[in-house]
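Below is one structure; the comments refer to it alone.
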Amino acid sequence: MNSTSSAKKKGTIRIWSVLLWLGIWQLVAMTLGQDILLVSPVNVILRLFDLVQTSSFWRSIAYSFSRIAGGFFLATLLGVLFAIFSYRYRWVEEFLAPPIQTIKATPVASFVILTLVWIAPQNLSVFISFLMVLPIMYTNVLMGIRSTDEKLLEMAEVFRVPTYRRIRYIYLSQVLPFFRSACSVALGLSWKAGIAAEVIGLPQGSIGEKLYQAKIYLDTPDMFAWTLVIIIISVWFEKLFLILLDRVMLKMEHL
Amino acid sequence: MKKLQIQDISKRYGDTVVFERFSCTLHPGEVNVLFGASGSGKTTLLRLIMGLEEADEGSLNSFEQLRFSAVFQEDRLCNNLSASSNVKLVVEPTVSSEQVKNALVAVGLGDAIRKPAKELSGGMRRRVALVRALLATYDLLILDEPFKGLDELTKKQVIAYTLERTKDKTVILVTHDLEEAKLLGAKHVINLETIA
């Protein structure tokens, strides 16, 4: 095994480690013997099994997924556009600097409470997911464009490489690694912030509402089951998106 | 094509004077050698000719309408693109994949056609940069030490290929090796050491 692959392995989650932690969790839950304080992993799985057989479970997932993913994609689109314009026109960057810095520094809860005044609860997670993703996308993509090798751009100028090819083969190859790392961070964050917004705004039929109800009725198995669902969707969405992005990046390398 | 005139150009970077009222003539359809020690202003002159920098004074009018092709001092390859894609990036759509492949094979890069540039050795990258410059459409070809880093055997093979591709073309060759210039059939030398 070479050093690169062994380095990659260092960050991966091993099955033995997961099983060990599940074992510890099960043991602690059995020792306590009270589901209301700490539900065992077995009971969480059993509750999840019950939930997946209901249509409201799938409706809640579709509801939250569509809104959070919608916010993510909207922020990605605008973040990339803003980065391009900021690179091209200095005044755009200067104009955007205060709101971007403000969004970065403001706690999610403050935004949720503030925006509840202006936005209907059902659209809150779209907006919050959008706000969390926008600065990450904007900053990373702008950094990526700025890192484009000046000497390659000069080469393209001398050879009169058409604009479309310059963008695809010179700019994109430099920007995509920055874009990928932004997506990796922003995808997880959009889910965390989006669900937090739903828990505060309580839009009817959302995962956040289900989580809140579980808390109100002290239904710990439900709370754990829904949390597990959020983790699974968030990880799955991130992996799927990054796999698709990697395929696009691979295609970009062929002319 | 008429003779290409560089007239009374001056170029300074702060207090450093690179050229002061420098003039020379390039012969069209021939290999013109630009000769001089490191720091004598060869690369600066090439950048002025290609329009990448502006002269403080003087005229380079006869170069303004020209189309350039170049092997730069550095290879300037897109690291993620393969050797053949790096060439295809700059050539006209009329140049076929087969022609690109044949050109790469001719300079001994048959095994490296599909390899990303980042995986190529220094000598291989130099040859990709040269093939790219030779297959591009141009009025004036600029070769800044194009055979740098090549072993003697490969250099001979690459010079032979370059000679074949540059027949009757206007070329500026920067080299420290006048033997290389002779092999490429150069007759005109612009010696920048004499202007210092």
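By order of appearance in the structure tokens: chains A, B, ..., then residues from 1 within every chain, and ligands from 1 in the order shown.
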Would you pick out the contacts of segment 169-174 of chain B at 7 Å or less, using only C-alpha atoms, so that residues sharing its chain but fewer than 3 positions from it are not included, and give the list as an NGL selection string? :B and (28-35 or 139-145 or 166)
Find the residues near segment 58-61 of chain B: any atom within 6 Å, counting only C-alpha atoms, skip ones fewer than 2 places away on the same chain, and give them as a PDB file with N, CA and C atoms, in the first residue's frame.
```pdb
ATOM      1  N   ILE B   6      11.719  45.708 -35.331  1.00  0.00           N
ATOM      2  CA  ILE B   6      11.601  46.202 -33.952  1.00  0.00           C
ATOM      3  C   ILE B   6      12.385  47.508 -33.937  1.00  0.00           C
ATOM      4  N   GLN B   7      11.683  48.620 -33.651  1.00  0.00           N
ATOM      5  CA  GLN B   7      12.338  49.928 -33.809  1.00  0.00           C
ATOM      6  C   GLN B   7      12.424  50.715 -32.516  1.00  0.00           C
ATOM      7  N   ASP B   8      13.654  50.930 -32.100  1.00  0.00           N
ATOM      8  CA  ASP B   8      13.943  51.838 -30.972  1.00  0.00           C
ATOM      9  C   ASP B   8      13.105  51.557 -29.730  1.00  0.00           C
ATOM     10  N   ILE B   9      13.021  50.301 -29.374  1.00  0.00           N
ATOM     11  CA  ILE B   9      12.179  50.037 -28.187  1.00  0.00           C
ATOM     12  C   ILE B   9      12.998  50.198 -26.902  1.00  0.00           C
ATOM     13  N   PHE B  63       4.284  43.499 -35.702  1.00  0.00           N
ATOM     14  CA  PHE B  63       3.894  42.236 -35.050  1.00  0.00           C
ATOM     15  C   PHE B  63       2.416  42.219 -34.668  1.00  0.00           C
ATOM     16  N   GLU B  64       1.779  43.387 -34.747  1.00  0.00           N
ATOM     17  CA  GLU B  64       0.441  43.516 -34.161  1.00  0.00           C
ATOM     18  C   GLU B  64      -0.604  42.589 -34.752  1.00  0.00           C
TER      19      GLU B  64
END
```
Interface rows for chain A against chain B: nearest pair, Å to one decimal, 10 Å, only C-alpha atoms, as JSON lines:
```
{"residue": "A:Asp149", "atom": "CA", "partner": "B:Arg76", "partner_atom": "CA", "distance": 9.1}
{"residue": "A:Glu150", "atom": "CA", "partner": "B:Arg76", "partner_atom": "CA", "distance": 9.8}
{"residue": "A:Lys151", "atom": "CA", "partner": "B:Arg76", "partner_atom": "CA", "distance": 6.5}
{"residue": "A:Leu152", "atom": "CA", "partner": "B:Arg76", "partner_atom": "CA", "distance": 5.7}
{"residue": "A:Leu153", "atom": "CA", "partner": "B:Arg76", "partner_atom": "CA", "distance": 9.3}
{"residue": "A:Glu154", "atom": "CA", "partner": "B:Leu52", "partner_atom": "CA", "distance": 7.5}
{"residue": "A:Met155", "atom": "CA", "partner": "B:Arg76", "partner_atom": "CA", "distance": 6.9}
{"residue": "A:Ala156", "atom": "CA", "partner": "B:Val90", "partner_atom": "CA", "distance": 7.5}
{"residue": "A:Glu157", "atom": "CA", "partner": "B:Leu52", "partner_atom": "CA", "distance": 8.6}
{"residue": "A:Val158", "atom": "CA", "partner": "B:Phe68", "partner_atom": "CA", "distance": 6.1}
{"residue": "A:Phe159", "atom": "CA", "partner": "B:Ser69", "partner_atom": "CA", "distance": 5.8}
{"residue": "A:Arg160", "atom": "CA", "partner": "B:Val90", "partner_atom": "CA", "distance": 7.5}
{"residue": "A:Val161", "atom": "CA", "partner": "B:Val90", "partner_atom": "CA", "distance": 5.6}
{"residue": "A:Pro162", "atom": "CA", "partner": "B:Val90", "partner_atom": "CA", "distance": 8.6}
{"residue": "A:Arg165", "atom": "CA", "partner": "B:Leu89", "partner_atom": "CA", "distance": 7.1}
{"residue": "A:Arg166", "atom": "CA", "partner": "B:Leu89", "partner_atom": "CA", "distance": 8.6}
{"residue": "A:Tyr169", "atom": "CA", "partner": "B:Cys78", "partner_atom": "CA", "distance": 7.7}
{"residue": "A:Ile170", "atom": "CA", "partner": "B:Cys78", "partner_atom": "CA", "distance": 7.0}
{"residue": "A:Ser173", "atom": "CA", "partner": "B:Asn80", "partner_atom": "CA", "distance": 7.2}
{"residue": "A:Gln174", "atom": "CA", "partner": "B:Asn80", "partner_atom": "CA", "distance": 9.3}
{"residue": "A:Met249", "atom": "CA", "partner": "B:Asn80", "partner_atom": "CA", "distance": 9.8}
{"residue": "A:Leu250", "atom": "CA", "partner": "B:Asn80", "partner_atom": "CA", "distance": 9.2}
{"residue": "A:Met252", "atom": "CA", "partner": "B:Leu81", "partner_atom": "CA", "distance": 8.5}
{"residue": "A:Glu253", "atom": "CA", "partner": "B:Leu81", "partner_atom": "CA", "distance": 5.1}
{"residue": "A:His254", "atom": "CA", "partner": "B:Ser85", "partner_atom": "CA", "distance": 6.5}
{"residue": "A:Leu255", "atom": "CA", "partner": "B:Ser85", "partner_atom": "CA", "distance": 5.2}
```
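Counting from atom CA of Leu20 of chain A, the distance to atom CA of Asp50 of chain A is 25.4 Å.
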Excluding same-chain residues fewer than 4 positions from segment 175-192 of chain A, what lies within 10 Å of it counting only C-alpha atoms, as number ranges by chain? A: 64-65, 68-69, 71-73, 75-76, 80, 108, 125-126, 128-148, 167, 170-171, 196-197, 230-231, 233-235, 237-239, 241-242, 245-246, 248-249, 252
I'd like to know which residues of segment 9-80 of chain A are alpha helix (DSSP H) (by DSSP, run on the backbone); could you write them as a PDB file with C-alpha atoms, in the first residue's frame?
```
ATOM      1  CA  LYS A   9      -7.519   5.101   5.241  1.00  0.00           C
ATOM      2  CA  LYS A  10      -6.643   7.094   8.363  1.00  0.00           C
ATOM      3  CA  ILE A  15     -16.873  -1.401  10.930  1.00  0.00           C
ATOM      4  CA  TRP A  16     -15.294  -2.777  14.129  1.00  0.00           C
ATOM      5  CA  SER A  17     -15.240   0.724  15.601  1.00  0.00           C
ATOM      6  CA  VAL A  18     -18.917   1.345  14.746  1.00  0.00           C
ATOM      7  CA  LEU A  19     -19.914  -2.028  16.224  1.00  0.00           C
ATOM      8  CA  LEU A  20     -17.947  -1.335  19.375  1.00  0.00           C
ATOM      9  CA  TRP A  21     -19.651   2.026  19.901  1.00  0.00           C
ATOM     10  CA  LEU A  22     -23.067   0.476  19.243  1.00  0.00           C
ATOM     11  CA  GLY A  23     -22.213  -2.203  21.809  1.00  0.00           C
ATOM     12  CA  ILE A  24     -21.262   0.430  24.385  1.00  0.00           C
ATOM     13  CA  TRP A  25     -24.492   2.338  23.652  1.00  0.00           C
ATOM     14  CA  GLN A  26     -26.569  -0.853  24.014  1.00  0.00           C
ATOM     15  CA  LEU A  27     -24.839  -1.722  27.299  1.00  0.00           C
ATOM     16  CA  VAL A  28     -25.349   1.761  28.801  1.00  0.00           C
ATOM     17  CA  ALA A  29     -29.015   1.782  27.680  1.00  0.00           C
ATOM     18  CA  MET A  30     -29.585  -1.673  29.214  1.00  0.00           C
ATOM     19  CA  THR A  31     -27.898  -0.603  32.442  1.00  0.00           C
ATOM     20  CA  LEU A  32     -30.078   2.499  32.717  1.00  0.00           C
ATOM     21  CA  PRO A  41     -29.863   1.065  19.377  1.00  0.00           C
ATOM     22  CA  VAL A  42     -32.014  -2.038  18.949  1.00  0.00           C
ATOM     23  CA  ASN A  43     -35.138  -0.106  19.962  1.00  0.00           C
ATOM     24  CA  VAL A  44     -34.179   2.775  17.643  1.00  0.00           C
ATOM     25  CA  ILE A  45     -33.935   0.359  14.713  1.00  0.00           C
ATOM     26  CA  LEU A  46     -37.272  -1.237  15.665  1.00  0.00           C
ATOM     27  CA  ARG A  47     -38.904   2.232  15.851  1.00  0.00           C
ATOM     28  CA  LEU A  48     -37.378   3.200  12.535  1.00  0.00           C
ATOM     29  CA  PHE A  49     -38.753  -0.008  11.036  1.00  0.00           C
ATOM     30  CA  ASP A  50     -42.240   1.018  12.208  1.00  0.00           C
ATOM     31  CA  LEU A  51     -41.805   4.557  10.857  1.00  0.00           C
ATOM     32  CA  VAL A  52     -40.719   3.532   7.346  1.00  0.00           C
ATOM     33  CA  SER A  55     -46.665   7.262   4.440  1.00  0.00           C
ATOM     34  CA  SER A  56     -46.190  10.352   6.645  1.00  0.00           C
ATOM     35  CA  PHE A  57     -42.565   9.287   7.208  1.00  0.00           C
ATOM     36  CA  TRP A  58     -41.814   9.459   3.487  1.00  0.00           C
ATOM     37  CA  ARG A  59     -43.831  12.651   3.074  1.00  0.00           C
ATOM     38  CA  SER A  60     -41.774  14.333   5.818  1.00  0.00           C
ATOM     39  CA  ILE A  61     -38.539  13.236   4.174  1.00  0.00           C
ATOM     40  CA  ALA A  62     -39.689  14.508   0.777  1.00  0.00           C
ATOM     41  CA  TYR A  63     -40.831  17.782   2.353  1.00  0.00           C
ATOM     42  CA  SER A  64     -37.572  18.525   4.181  1.00  0.00           C
ATOM     43  CA  PHE A  65     -35.328  17.140   1.431  1.00  0.00           C
ATOM     44  CA  SER A  66     -36.906  19.237  -1.297  1.00  0.00           C
ATOM     45  CA  ARG A  67     -36.565  22.425   0.732  1.00  0.00           C
ATOM     46  CA  ILE A  68     -33.072  21.910   2.105  1.00  0.00           C
ATOM     47  CA  ALA A  69     -31.705  20.643  -1.233  1.00  0.00           C
ATOM     48  CA  GLY A  70     -33.506  23.523  -2.960  1.00  0.00           C
ATOM     49  CA  GLY A  71     -31.755  26.032  -0.692  1.00  0.00           C
ATOM     50  CA  PHE A  72     -28.446  24.297  -1.316  1.00  0.00           C
ATOM     51  CA  PHE A  73     -28.750  24.378  -5.108  1.00  0.00           C
ATOM     52  CA  LEU A  74     -29.978  27.957  -5.149  1.00  0.00           C
ATOM     53  CA  ALA A  75     -27.041  29.061  -2.978  1.00  0.00           C
ATOM     54  CA  THR A  76     -24.635  27.073  -5.176  1.00  0.00           C
ATOM     55  CA  LEU A  77     -25.929  28.760  -8.308  1.00  0.00           C
ATOM     56  CA  LEU A  78     -25.849  32.261  -6.829  1.00  0.00           C
ATOM     57  CA  GLY A  79     -22.538  31.674  -5.018  1.00  0.00           C
ATOM     58  CA  VAL A  80     -20.869  30.687  -8.292  1.00  0.00           C
TER      59      VAL A  80
END
```
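Closest approach to Thr175 of chain B among B:Leu150, B:Ile159, B:Val128, B:Ala37 is made by B:Ala37 (distances from only C-alpha atoms).
Residue nearest Val131 of chain B within the list B:Lys187, B:Lys11, B:Arg21, B:Arg165: B:Arg165 [criterion: smallest interatomic distance, only C-alpha atoms].
In the backbone-derived DSSP annotation, strand (DSSP E or B) within segment 16-97 of chain B comprises B:Thr16, B:Val17, B:Val18, B:Phe19, B:Glu20, B:Arg21, B:Phe22, B:Ser23, B:Cys24, B:Thr25, B:Leu26, B:Val31, B:Asn32, B:Val33, B:Leu34, B:Phe35, B:Glu57, B:Gly58, B:Ser59, B:Phe68, B:Ser69, B:Ala70, B:Val71, B:Ser82.
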Distance query Lys210 of chain A at most 9 Å, only C-alpha atoms, self and fewer than 3 positions along chain excluded, as a VMD selection string: chain A and resid 60 199 202 204 to 207 213 to 215 222 to 223 226
Between atom CA of Gly108 of chain B and atom CA of Lys167 of chain B - distance in Å to one decimal: 20.8 Å
Contacts of Val92 of chain A within 9 Å, only C-alpha atoms, excl. fewer than 6 positions in-chain, as a PyMOL selection string: chain A and resi 82+85-86
File dump, residues just selected, C-alpha atoms, as a compact mmCIF listing (two decimals), in the first residue's frame:
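Ended up saving to result09.txt:
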```
# COMPACT_ATOMS: atom_id res chain seq x y z
CA PHE A 82 -21.43 36.10 -7.46
CA PHE A 85 -18.85 38.71 -11.08
CA SER A 86 -16.64 39.51 -8.07
```
